[in-house]
Each structure stands twice: as structure tokens, then as C-alpha cells.
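Next comes input_4.txt, with compact mmCIF, C-alpha atoms.
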# COMPACT_ATOMS: atom_id res chain seq x y z
CA MET A 1 0.00 0.00 0.00
CA SER A 2 1.39 3.40 -0.95
CA SER A 3 1.92 5.97 1.77
CA PRO A 4 -0.44 8.98 1.87
CA ASP A 5 0.41 12.15 0.02
CA PRO A 6 2.72 14.36 2.19
CA GLN A 7 0.15 17.17 2.23
CA VAL A 8 -2.59 14.79 3.35
CA ARG A 9 -0.32 13.38 6.07
CA ALA A 10 0.51 16.90 7.30
CA ALA A 11 -3.17 17.80 7.41
CA ARG A 12 -3.95 14.66 9.46
CA ASN A 13 -1.15 15.38 11.92
CA LYS A 14 -2.36 18.96 12.31
CA SER A 15 -5.95 17.88 12.97
CA THR A 16 -4.96 15.34 15.64
CA SER A 17 -2.26 17.38 17.42
CA PRO A 18 -3.27 19.22 20.60
CA PRO A 19 -3.70 23.00 20.40
CA PRO A 20 -0.72 25.13 21.44
CA ARG A 21 -0.44 25.43 25.20
CA GLY A 22 -0.78 29.02 26.33
CA PRO A 23 -0.43 30.36 29.87
CA VAL A 24 -2.91 29.94 32.69
CA VAL A 25 -3.69 33.51 33.74
CA ALA A 26 -5.20 34.62 37.05
CA VAL A 27 -6.88 38.05 37.17
CA THR A 28 -7.75 39.77 40.44
CA GLY A 29 -10.53 42.34 40.51
CA ALA A 30 -12.07 40.33 37.68
CA ALA A 31 -15.74 41.11 38.29
CA SER A 32 -15.82 44.76 37.26
CA GLY A 33 -14.05 47.56 35.45
CA VAL A 34 -10.79 46.85 33.66
CA GLY A 35 -10.60 43.46 35.38
CA ALA A 36 -13.88 42.31 33.83
CA LEU A 37 -12.86 43.54 30.37
CA LEU A 38 -9.47 41.84 30.57
CA THR A 39 -10.96 38.59 31.88
CA ALA A 40 -13.36 38.40 28.93
CA ARG A 41 -10.59 39.30 26.48
CA LEU A 42 -8.20 36.63 27.78
CA ALA A 43 -10.94 34.01 27.99
CA ALA A 44 -11.63 34.56 24.27
CA SER A 45 -7.96 34.41 23.29
CA GLU A 46 -6.59 31.30 21.58
CA GLU A 47 -3.20 32.13 23.09
CA VAL A 48 -4.43 31.67 26.67
CA LYS A 49 -5.09 28.20 28.06
CA GLN A 50 -7.29 29.16 31.01
CA VAL A 51 -8.38 32.21 32.99
CA VAL A 52 -8.74 32.10 36.77
CA ALA A 53 -10.93 34.98 37.95
CA ILE A 54 -10.64 36.25 41.53
CA ASP A 55 -12.90 38.81 43.17
CA GLU A 56 -15.20 39.31 46.14
CA ARG A 57 -18.18 38.55 43.91
CA ARG A 58 -18.71 36.52 40.77
CA GLY A 59 -18.52 38.32 37.45
CA GLU A 60 -20.22 37.64 34.14
CA CYS A 61 -17.48 35.75 32.28
CA ALA A 62 -18.75 32.16 32.27
CA GLU A 63 -15.60 30.84 30.58
CA ALA A 64 -13.39 31.75 33.55
CA GLU A 65 -12.84 29.66 36.67
CA TRP A 66 -14.13 31.84 39.53
CA HIS A 67 -12.85 32.07 43.10
CA ILE A 68 -14.62 34.40 45.52
CA LEU A 69 -12.34 35.93 48.14
CA ASP A 70 -10.63 39.12 49.29
CA VAL A 71 -7.16 39.57 47.74
CA ARG A 72 -5.79 40.32 51.21
CA ASP A 73 -6.63 36.76 52.31
CA PRO A 74 -3.45 34.61 52.37
CA ALA A 75 -5.63 31.72 51.12
CA ILE A 76 -5.29 33.31 47.70
CA ALA A 77 -2.01 31.37 47.33
CA ASP A 78 -4.00 28.14 46.98
CA ARG A 79 -6.15 29.70 44.23
CA LEU A 80 -3.04 30.75 42.30
CA ARG A 81 -1.44 27.32 42.17
CA GLY A 82 -1.09 26.24 38.55
CA ALA A 83 -1.21 29.81 37.23
CA ASP A 84 1.66 31.04 35.07
CA VAL A 85 0.79 34.73 35.22
CA VAL A 86 -1.18 36.90 37.64
CA VAL A 87 -2.64 40.26 36.63
CA HIS A 88 -3.44 42.20 39.78
CA LEU A 89 -6.25 44.69 39.14
CA ALA A 90 -8.02 44.63 42.53
CA LEU A 91 -7.38 48.26 43.42
CA ASP A 92 -9.67 50.81 45.06
CA LEU A 93 -9.13 54.29 43.60
CA ASP A 94 -12.66 55.54 44.32
CA LEU A 95 -12.70 59.26 45.14
CA GLU A 96 -15.29 58.72 47.85
CA THR A 97 -13.44 55.95 49.73
CA ASP A 98 -11.83 56.84 53.04
CA ALA A 99 -8.16 57.49 52.25
CA ALA A 100 -6.79 55.32 55.07
CA ALA A 101 -9.07 52.40 54.18
CA ARG A 102 -8.17 52.76 50.52
CA THR A 103 -4.45 52.64 51.24
CA ALA A 104 -4.84 49.65 53.57
CA TYR A 105 -6.68 47.73 50.86
CA ASN A 106 -4.40 48.67 47.96
CA VAL A 107 -1.06 48.18 49.64
CA ARG A 108 -1.94 45.10 51.69
CA GLY A 109 -3.66 43.54 48.69
CA THR A 110 -0.63 44.01 46.46
CA GLN A 111 1.73 42.69 49.14
CA THR A 112 -0.43 39.59 49.62
CA VAL A 113 -0.76 38.89 45.89
CA LEU A 114 3.01 39.20 45.28
CA THR A 115 3.85 36.91 48.22
CA ALA A 116 1.11 34.41 47.31
CA ALA A 117 2.18 34.35 43.66
CA ALA A 118 5.76 33.54 44.63
CA ALA A 119 4.60 30.80 47.03
CA ALA A 120 2.35 29.30 44.34
CA GLY A 121 5.13 29.12 41.78
CA VAL A 122 3.78 31.86 39.50
CA HIS A 123 6.58 33.20 37.33
CA ARG A 124 5.12 36.60 36.35
CA VAL A 125 2.93 39.22 38.04
CA VAL A 126 1.54 42.17 36.09
CA LEU A 127 0.64 45.25 38.13
CA CYS A 128 -1.24 48.32 36.96
CA THR A 129 -0.54 51.81 38.32
CA SER A 130 -0.68 55.08 36.35
CA THR A 131 1.56 57.55 34.54
CA MET A 132 0.64 59.87 37.41
CA VAL A 133 3.56 58.29 39.30
CA TYR A 134 5.96 60.33 37.14
CA GLY A 135 4.53 63.49 38.66
CA ALA A 136 3.15 66.60 36.97
CA LEU A 137 5.94 69.15 37.12
CA PRO A 138 6.71 72.37 35.23
CA ASP A 139 10.14 71.11 34.10
CA ASN A 140 8.91 67.76 32.73
CA GLU A 141 10.07 66.98 29.20
CA LEU A 142 7.47 66.43 26.50
CA PRO A 143 7.25 63.50 26.30
CA LEU A 144 8.94 61.83 29.25
CA ALA A 145 10.92 58.64 28.72
CA GLU A 146 9.51 55.53 30.39
CA ASP A 147 12.63 55.19 32.52
CA ALA A 148 12.29 58.78 33.78
CA GLU A 149 12.48 59.23 37.54
CA LEU A 150 9.20 58.84 39.42
CA ARG A 151 8.86 62.30 40.95
CA ALA A 152 5.24 62.29 42.06
CA THR A 153 4.33 63.00 45.67
CA ALA A 154 1.52 61.49 47.71
CA GLU A 155 -0.53 64.72 47.58
CA ALA A 156 -2.96 63.64 44.83
CA THR A 157 -5.78 61.10 45.13
CA GLY A 158 -4.43 57.56 45.27
CA VAL A 159 -0.95 58.48 44.03
CA GLY A 160 0.65 57.60 47.35
CA ASP A 161 -0.80 54.09 47.02
CA LEU A 162 0.47 53.78 43.45
CA LEU A 163 3.97 54.86 44.47
CA GLU A 164 3.98 52.23 47.21
CA ILE A 165 2.84 49.60 44.70
CA GLU A 166 5.71 50.66 42.43
CA ARG A 167 8.10 50.21 45.36
CA LEU A 168 6.71 46.74 46.05
CA ALA A 169 7.14 45.88 42.37
CA ARG A 170 10.84 46.81 42.47
CA ARG A 171 11.42 44.85 45.68
CA ALA A 172 9.53 41.69 44.72
CA PRO A 173 12.12 40.09 42.37
CA ARG A 174 14.79 40.51 45.06
CA ALA A 175 12.56 39.16 47.81
CA HIS A 176 11.25 36.33 45.62
CA PRO A 177 13.93 35.13 43.16
CA GLY A 178 12.38 33.78 39.98
CA LEU A 179 9.35 36.08 40.16
CA ASN A 180 9.19 38.61 37.32
CA VAL A 181 7.11 41.77 37.76
CA THR A 182 5.78 43.92 34.93
CA VAL A 183 4.24 47.31 35.70
CA VAL A 184 1.80 48.88 33.26
CA ARG A 185 1.14 52.62 33.65
CA PRO A 186 -1.87 54.00 31.75
CA ALA A 187 -2.38 57.70 31.03
CA VAL A 188 -5.72 59.36 31.92
CA LEU A 189 -7.98 56.31 31.73
CA VAL A 190 -11.31 56.66 29.94
CA GLY A 191 -14.11 54.14 29.52
CA GLY A 192 -16.47 53.73 32.44
CA THR A 193 -14.01 55.34 34.85
CA ASP A 194 -14.56 58.02 37.51
CA THR A 195 -11.46 59.91 38.62
CA ALA A 196 -10.50 63.44 39.58
CA LEU A 197 -9.20 63.88 36.04
CA THR A 198 -12.35 62.65 34.29
CA ARG A 199 -14.44 64.84 36.63
CA TYR A 200 -12.43 67.83 35.40
CA PHE A 201 -14.48 67.58 32.20
CA GLU A 202 -17.79 67.56 34.09
CA SER A 203 -17.34 71.20 35.12
CA PRO A 204 -19.21 74.00 33.33
CA ARG A 205 -15.84 75.75 32.94
CA LEU A 206 -12.37 74.21 32.58
CA LEU A 207 -10.24 75.57 35.37
CA VAL A 208 -6.90 76.81 34.01
CA VAL A 209 -4.25 78.02 36.44
CA ALA A 210 -2.49 81.13 35.16
CA GLY A 211 1.04 80.47 33.93
CA SER A 212 0.58 76.69 33.70
CA ARG A 213 1.10 74.58 30.56
CA PRO A 214 -1.12 71.48 30.77
CA ALA A 215 -0.82 68.70 28.19
CA TRP A 216 -3.44 65.96 27.96
CA GLN A 217 -2.74 62.34 27.09
CA PHE A 218 -5.54 59.78 27.36
CA CYS A 219 -5.78 55.99 27.42
CA HIS A 220 -8.88 54.07 26.35
CA VAL A 221 -9.65 51.05 28.54
CA ASP A 222 -9.59 48.81 25.46
CA ASP A 223 -6.02 49.94 24.73
CA LEU A 224 -5.06 49.28 28.35
CA CYS A 225 -6.48 45.74 28.09
CA SER A 226 -4.58 45.06 24.87
CA ALA A 227 -1.37 46.32 26.51
CA LEU A 228 -2.00 44.09 29.54
CA GLU A 229 -2.52 41.15 27.17
CA TYR A 230 0.88 41.91 25.60
CA ALA A 231 2.43 41.72 29.06
CA VAL A 232 0.56 38.49 29.89
CA LEU A 233 1.85 36.83 26.72
CA GLU A 234 5.38 38.07 27.49
CA LYS A 235 5.63 40.06 24.29
CA VAL A 236 6.97 42.91 26.42
CA ASP A 237 8.07 43.33 30.04
CA GLY A 238 9.55 45.81 32.48
CA GLU A 239 7.91 49.16 33.22
CA LEU A 240 5.51 50.17 30.47
CA ALA A 241 3.54 53.33 29.78
CA VAL A 242 0.36 53.00 27.72
CA GLY A 243 -1.74 55.70 26.12
CA CYS A 244 -2.64 57.42 22.90
CA ASP A 245 0.18 58.68 20.71
CA GLY A 246 1.12 62.30 21.39
CA TRP A 247 -0.94 64.75 23.42
CA LEU A 248 -3.40 67.64 23.28
CA GLU A 249 -2.61 71.19 24.37
CA GLN A 250 -5.14 72.92 26.62
CA GLU A 251 -6.30 75.13 23.75
CA GLU A 252 -7.01 72.04 21.63
CA VAL A 253 -8.98 70.47 24.48
CA GLU A 254 -11.09 73.60 24.84
CA GLU A 255 -11.73 73.78 21.10
CA LEU A 256 -12.66 70.10 20.83
CA SER A 257 -14.83 70.10 23.96
CA GLY A 258 -16.51 73.45 23.42
CA ILE A 259 -16.06 74.16 27.14
CA ARG A 260 -14.71 77.60 27.94
CA ARG A 261 -11.93 78.17 30.43
CA MET A 262 -11.92 79.97 33.76
CA GLU A 263 -8.40 81.20 34.49
CA LEU A 264 -7.26 81.80 38.07
CA PRO A 265 -3.99 82.74 39.74
CA SER A 266 -2.11 79.76 41.15
CA ALA A 267 -2.33 80.90 44.79
CA VAL A 268 -6.09 81.39 44.56
CA ALA A 269 -6.80 78.05 42.87
CA LEU A 270 -4.53 75.95 45.09
CA GLY A 271 -5.57 77.75 48.27
CA ALA A 272 -9.27 77.34 47.57
CA ALA A 273 -8.87 73.68 46.58
CA ALA A 274 -6.98 72.98 49.80
CA ARG A 275 -9.68 74.67 51.93
CA LEU A 276 -12.50 72.85 50.21
CA HIS A 277 -10.85 69.49 50.77
CA ARG A 278 -9.85 70.25 54.33
CA ILE A 279 -13.42 71.03 55.39
CA GLY A 280 -14.75 67.99 53.52
CA LEU A 281 -16.66 69.71 50.71
CA THR A 282 -14.71 68.01 47.92
CA PRO A 283 -13.06 64.58 47.60
CA SER A 284 -10.06 65.90 45.66
CA PRO A 285 -7.02 67.27 47.50
CA ALA A 286 -5.16 70.29 46.11
CA GLY A 287 -2.48 67.94 44.76
CA ASP A 288 -4.89 66.79 42.04
CA LEU A 289 -4.71 70.25 40.48
CA ALA A 290 -1.05 69.77 39.51
CA TYR A 291 -2.13 67.17 36.94
CA THR A 292 -4.24 69.83 35.20
CA MET A 293 -1.42 72.39 35.36
CA TYR A 294 1.76 70.69 34.15
CA PRO A 295 2.65 68.00 31.60
CA TRP A 296 3.08 64.30 32.44
CA VAL A 297 2.97 62.82 28.93
CA ILE A 298 4.89 59.57 28.32
CA SER A 299 6.35 58.24 25.07
CA GLY A 300 5.25 54.59 25.40
CA SER A 301 8.21 53.47 23.30
CA ARG A 302 8.59 50.00 24.84
CA LEU A 303 5.16 48.83 23.78
CA HIS A 304 5.65 50.41 20.37
CA ASP A 305 8.98 48.62 19.95
CA ALA A 306 7.17 45.34 20.72
CA GLY A 307 4.67 46.00 17.92
CA TRP A 308 1.75 47.31 20.01
CA ARG A 309 -0.24 50.29 18.76
CA PRO A 310 -3.17 52.15 20.36
CA ALA A 311 -6.50 51.72 18.62
CA TYR A 312 -7.65 55.20 19.68
CA THR A 313 -6.39 58.75 19.29
CA ASN A 314 -6.48 61.40 22.01
CA GLU A 315 -9.22 63.19 20.07
CA GLU A 316 -11.37 60.06 19.92
CA VAL A 317 -10.94 59.27 23.60
CA LEU A 318 -11.74 62.84 24.61
CA ALA A 319 -14.93 62.66 22.52
CA GLN A 320 -15.94 59.45 24.33
CA LEU A 321 -15.17 61.00 27.70
CA LEU A 322 -17.33 64.04 26.93
CA GLU A 323 -20.17 61.72 25.90
CA GLU A 324 -19.84 59.71 29.12
CA VAL A 325 -19.91 62.75 31.40
CA SER A 326 -22.69 64.53 29.54
CA GLY A 327 -25.38 65.54 32.03
CA ARG A 328 -23.10 65.29 35.04
CA HIS A 329 -22.23 68.44 36.95
CA THR A 330 -19.07 68.74 39.00
CA VAL A 331 -17.40 71.71 40.63
CA ALA A 332 -14.01 71.30 42.29
CA GLY A 333 -14.39 67.53 42.11
CA ARG A 334 -17.78 67.48 43.90
CA ARG A 335 -20.84 66.18 42.06
CA LEU A 336 -23.79 68.56 42.09
CA GLY A 337 -27.47 68.19 41.40
CA ARG A 338 -28.88 69.99 38.37
CA LYS A 339 -30.22 72.93 40.42
CA ASP A 340 -26.89 73.39 42.22
CA ALA A 341 -24.99 73.14 38.94
CA THR A 342 -27.09 75.91 37.36
CA ALA A 343 -26.37 78.21 40.29
CA ALA A 344 -22.68 77.34 40.26
CA GLY A 345 -22.51 77.97 36.51
CA ALA A 346 -24.05 81.40 36.94
CA ALA A 347 -21.47 82.19 39.61
CA GLY A 348 -18.59 81.15 37.36
CA ALA A 349 -18.23 77.61 38.71
CA THR A 350 -14.72 78.26 39.98
CA VAL A 351 -12.83 76.69 42.81
CA ALA A 352 -12.10 80.14 44.18
CA LEU A 353 -15.73 81.17 44.46
CA LEU A 354 -16.76 77.94 46.11
CA GLY A 355 -13.81 78.19 48.43
CA ALA A 356 -14.72 81.73 49.40
CA ALA A 357 -18.34 80.70 49.95
CA ALA A 358 -17.22 77.86 52.20
CA VAL A 359 -15.08 80.20 54.27
CA VAL A 360 -17.95 82.69 54.57
CA ARG A 361 -20.35 79.97 55.72
CA ARG A 362 -17.90 78.79 58.36
CA ALA A 363 -17.39 82.35 59.58
CA ARG A 364 -21.14 82.91 59.85
CA LYS A 365 -21.63 79.70 61.81
CA ALA A 366 -18.81 80.69 64.15
CA ARG A 367 -20.41 84.09 64.79
CA ARG A 368 -23.77 82.47 65.56
CA ARG A 369 -22.16 80.29 68.21
CA ILE A 370 -20.62 83.29 69.98
Kindly return the structure encoded in the file as C-alpha cells.
Amino acid sequence: MSSPDPQVRAARNKSTSPPPRGPVVAVTGAASGVGALLTARLAASEEVKQVVAIDERRGECAEAEWHILDVRDPAIADRLRGADVVVHLALDLDLETDAAARTAYNVRGTQTVLTAAAAAGVHRVVLCTSTMVYGALPDNELPLAEDAELRATAEATGVGDLLEIERLARRAPRAHPGLNVTVVRPAVLVGGTDTALTRYFESPRLLVVAGSRPAWQFCHVDDLCSALEYAVLEKVDGELAVGCDGWLEQEEVEELSGIRRMELPSAVALGAAARLHRIGLTPSPAGDLAYTMYPWVISGSRLHDAGWRPAYTNEEVLAQLLEEVSGRHTVAGRRLGRKDATAAGAAGATVALLGAAAVVRRARKARRRI
């Protein structure tokens, strides 16, 4: 009997051979936000063998293997056994969360995941922080290199937590030999997010501090997920910035958004923001203002060198952000009802005016008590 044609034999071998073995990937914070999007993306990927989803509640991805627990629970090590890669996305950056509780959750959670991953034999952990860790400073280059010094301070919402996570990421390979850590730093994240920077575009006027030179770089959540997938599949590693190519000047943002500016002297804006936060009227500390004053744009060259490209432009992401926040009314980071927003708009909707009003109210109350 003659042997089969070589092409037929090759086709048979291909049909009977097992599919390529990809990594088993565990995702924390998998039930919502970026975690839910990434879990669904990885579960649909032919390059991923299995997705282990970890959260305090079950999410919607039926293809994932779910484990319900708090990431601070040391028992998470048992759930990570057999995983090749862990993507840690269980972070609380909610503006309304108590700052001390937020830090306790974020830092302890990251510590526990890194230790548990090492104990379970995981060889790579992917962490997600933000390009905010570079700091918004008047002497920043445009754009910054990814290996630029992290010069942020802990004065803005959640940035102290992110800096501590960055420190843990640098320490982990020394504390746990054989464990590789990749850190992904997105620019201003847009797509179902609520941050001090997305709330900036909910104001009836865009606050501009006199003498500042803001530059805006955005990151769509889909682009963040694709960058995280690159890290999971080990197409790139190290410390990575992800965002749209280039940036928008403040004048371009105002033209594209159709929102007019309200310009204030630095001392007035920062002083009023500090007072408002100190007396509990706004969730955003004065440190958040720096990110609307000075540039913190990153080149993202490492992902580009690996072949990754963003699917969105800054203009497209800004348009989506404006659509998402349409109908919301925020002044100085505080959400207002429609009636309050109308009054604030008529008054100029500035941090300074609200700050002055707050001081006047406190003074009046003090006089009544005398």
C-alpha cells in the first residue's frame, strides 16, 4: 500500500495534534471595570489556556474559573497554584473611599498577591498603576521617557498608594527570586471610569491656572487591556507606559470640547482647593490640580517597539469622555445636582468662588455660636 500524500499526512497530523499550550492567567478584581474587560478578552484568546478569575463577587465571564475571596486573604495562594501569570487589578481608587481604608486595601492587597504568587510558583505578576507616578511638574520633558524618575508625591488622590505599589514591584524580584514583575502605567484612563481627572471635564468651565502649561494624554480602557494582554503573553516586560500617541494642548482640548476656560492665579486656585478638601466639601485634594497644570505625557516606546499600537487617538478618547460625562455636573471635584450646577454655573463655577463661599459659611456659623 502506498503511503499517503505528504500534504494529506501533514493535514492529518495537524488535525490530531493538541492546540498550542498558552499560559494559565489569574486576574484579580475580575468582576468589574478593567478586570472584567481583561478577563473576557483573555478568555476569548486562543493564546491563553485558562483564565482564573478572583474577586469578592462573581462576574459575568462564564468561561473563567471563579474564586470568591478578598485579595488580602493569604488563602489566595491556593487559588493561584497552577497559574503562570497573575494580573493584579483589585485596586480601590474611588474618590469617595476613606483614604486610610483605601491605602490599607491597595497596599496590603498588592503585598499579599506578590507573596502568594511567589509561594504558588507563578513566574510573572503584572501590576497596573498610572503615569501619574511620574509626577506633573513644570520642568517635565514632553514627552517623558519611560525610565524617567518617578517624581510624584503622595498629595494627589491615590498616588501615594500607586507609588507604594511601584516600590513593592521593584522589591519583589529581590525578595522572591524567579518572580518577574511587569508594571503597566496608563495615562488618563477613559471608559467607564470616575477619577479626579475625568471629573475635570464635568465642570461648566475648565479651570486653568495662570502660567501653567497642561498637556493631555488619554488611554482608552480597550487599549489598556490590549497592553495588559501583551504583558501576559510576554511580548513585552519591564515598566511600560500606555496611552494614545502624542498629546493635546489645553487650547485644543477647549476647542474640541466646546467648554470655555476659567483662568485663576495659582495661589487662589490651590488655596481654595486645599480649603475645600480640608473642610470635607470636595473629595479631591489640592495635589490633584497639579495634573491639570503641568505635563506628564509619556512616550510609550517599549510597547511600540514590541509592535503594540493604540486603537484610539487622544481626540477620539476625549470625545468618548465628553459623551460619558454629559449631564453630570461637577465643581471642584464634587458632584452637584442639576439645580446646584445651574447656580454654580451662573457664579462662574470656579474653585475660588466655592472656596470663598465655604469660608464665609464657616465664619457665619462661628459668629452664631458666639
Please identify all polymer residues within 8 Å of Leu197 of chain A, counting all atoms listed in the file, omitting same-chain residues fewer than 6 positions from it, and present them as a PDB file with C-alpha atoms, in the frame of the given file.
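This is the output file around_15.pdb:
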ATOM      1  CA  VAL A 188      -5.720  59.360  31.920  1.00  0.00           C
ATOM      2  CA  ASP A 288      -4.890  66.790  42.040  1.00  0.00           C
ATOM      3  CA  TYR A 291      -2.130  67.170  36.940  1.00  0.00           C
ATOM      4  CA  THR A 292      -4.240  69.830  35.200  1.00  0.00           C
TER       5      THR A 292
END
Need the neighbours of (7.7, 53.9, 26.6): which residues are at most 10 Å away, counting only C-alpha atoms, as a PDB file with C-alpha atoms, keeping the file's coordinate frame?
ATOM      1  CA  PRO A 143       7.250  63.500  26.300  1.00  0.00           C
ATOM      2  CA  LEU A 144       8.940  61.830  29.250  1.00  0.00           C
ATOM      3  CA  ALA A 145      10.920  58.640  28.720  1.00  0.00           C
ATOM      4  CA  GLU A 146       9.510  55.530  30.390  1.00  0.00           C
ATOM      5  CA  ASP A 147      12.630  55.190  32.520  1.00  0.00           C
ATOM      6  CA  ALA A 148      12.290  58.780  33.780  1.00  0.00           C
ATOM      7  CA  ARG A 185       1.140  52.620  33.650  1.00  0.00           C
ATOM      8  CA  GLU A 239       7.910  49.160  33.220  1.00  0.00           C
ATOM      9  CA  LEU A 240       5.510  50.170  30.470  1.00  0.00           C
ATOM     10  CA  ALA A 241       3.540  53.330  29.780  1.00  0.00           C
ATOM     11  CA  VAL A 242       0.360  53.000  27.720  1.00  0.00           C
ATOM     12  CA  GLY A 243      -1.740  55.700  26.120  1.00  0.00           C
ATOM     13  CA  ILE A 298       4.890  59.570  28.320  1.00  0.00           C
ATOM     14  CA  SER A 299       6.350  58.240  25.070  1.00  0.00           C
ATOM     15  CA  GLY A 300       5.250  54.590  25.400  1.00  0.00           C
ATOM     16  CA  SER A 301       8.210  53.470  23.300  1.00  0.00           C
ATOM     17  CA  ARG A 302       8.590  50.000  24.840  1.00  0.00           C
ATOM     18  CA  LEU A 303       5.160  48.830  23.780  1.00  0.00           C
ATOM     19  CA  HIS A 304       5.650  50.410  20.370  1.00  0.00           C
ATOM     20  CA  ASP A 305       8.980  48.620  19.950  1.00  0.00           C
TER      21      ASP A 305
END
Identify, on the basis of only C-alpha atoms, every residue whose closest approach to Ala53 of chain A does not exceed 8 Å; exclude the query and any residue fewer than 2 positions from it along the same chain; express the result as a VMD selection string. chain A and resid 26 to 31 39 51 55 64 to 67
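Ranking A:Ala169, A:Arg57, A:Thr153, A:Gly158 by their shortest atom-to-atom distance to Thr97 of chain A, with all atoms listed in the file included, puts A:Gly158 first.
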What's the 9 Å shell around segment 33-37 of chain A, counting all atoms listed in the file, without same-chain residues fewer than 2 positions away, as a ChimeraX atom specification? /A:27-31,39-42,53,59-61,87-90,191-193,221-222,224-225
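Among A:Arg151, A:Ala120, A:Arg275, A:Leu114, the residue with the shortest atom-to-atom distance to Met132 of chain A, counting all atoms listed in the file, is A:Arg151.
What separates atom CA of Glu149 of chain A from atom CA of His123 of chain A is a distance of 26.7 Å.
Put simply, atom CA of Trp216 of chain A is 19.2 Å away from atom CA of Leu264 of chain A.
What separates atom CA of Val71 of chain A from atom CA of Val113 of chain A is a distance of 6.7 Å.
Between Glu46 of chain A and the residues A:Ala83, A:Glu96, A:Leu233, A:Pro138, the shortest atom-to-atom distance, using all atoms listed in the file, involves A:Leu233.
Here the question is which of A:Ser266, A:Asn314, A:Thr131, A:Asn140 gets nearest to Gln217 of chain A using all atoms listed in the file, and that residue is A:Asn314.
Nearest residue to Leu289 of chain A, choosing from A:Ala156, A:Cys244, A:Val236, A:Leu38 and counting all atoms listed in the file: A:Ala156.
Remark: for Leu189 of chain A, the closest of the candidate residues A:Glu263, A:Glu316, A:Asp223, A:Glu47 is A:Asp223 (distances computed over only C-alpha atoms).
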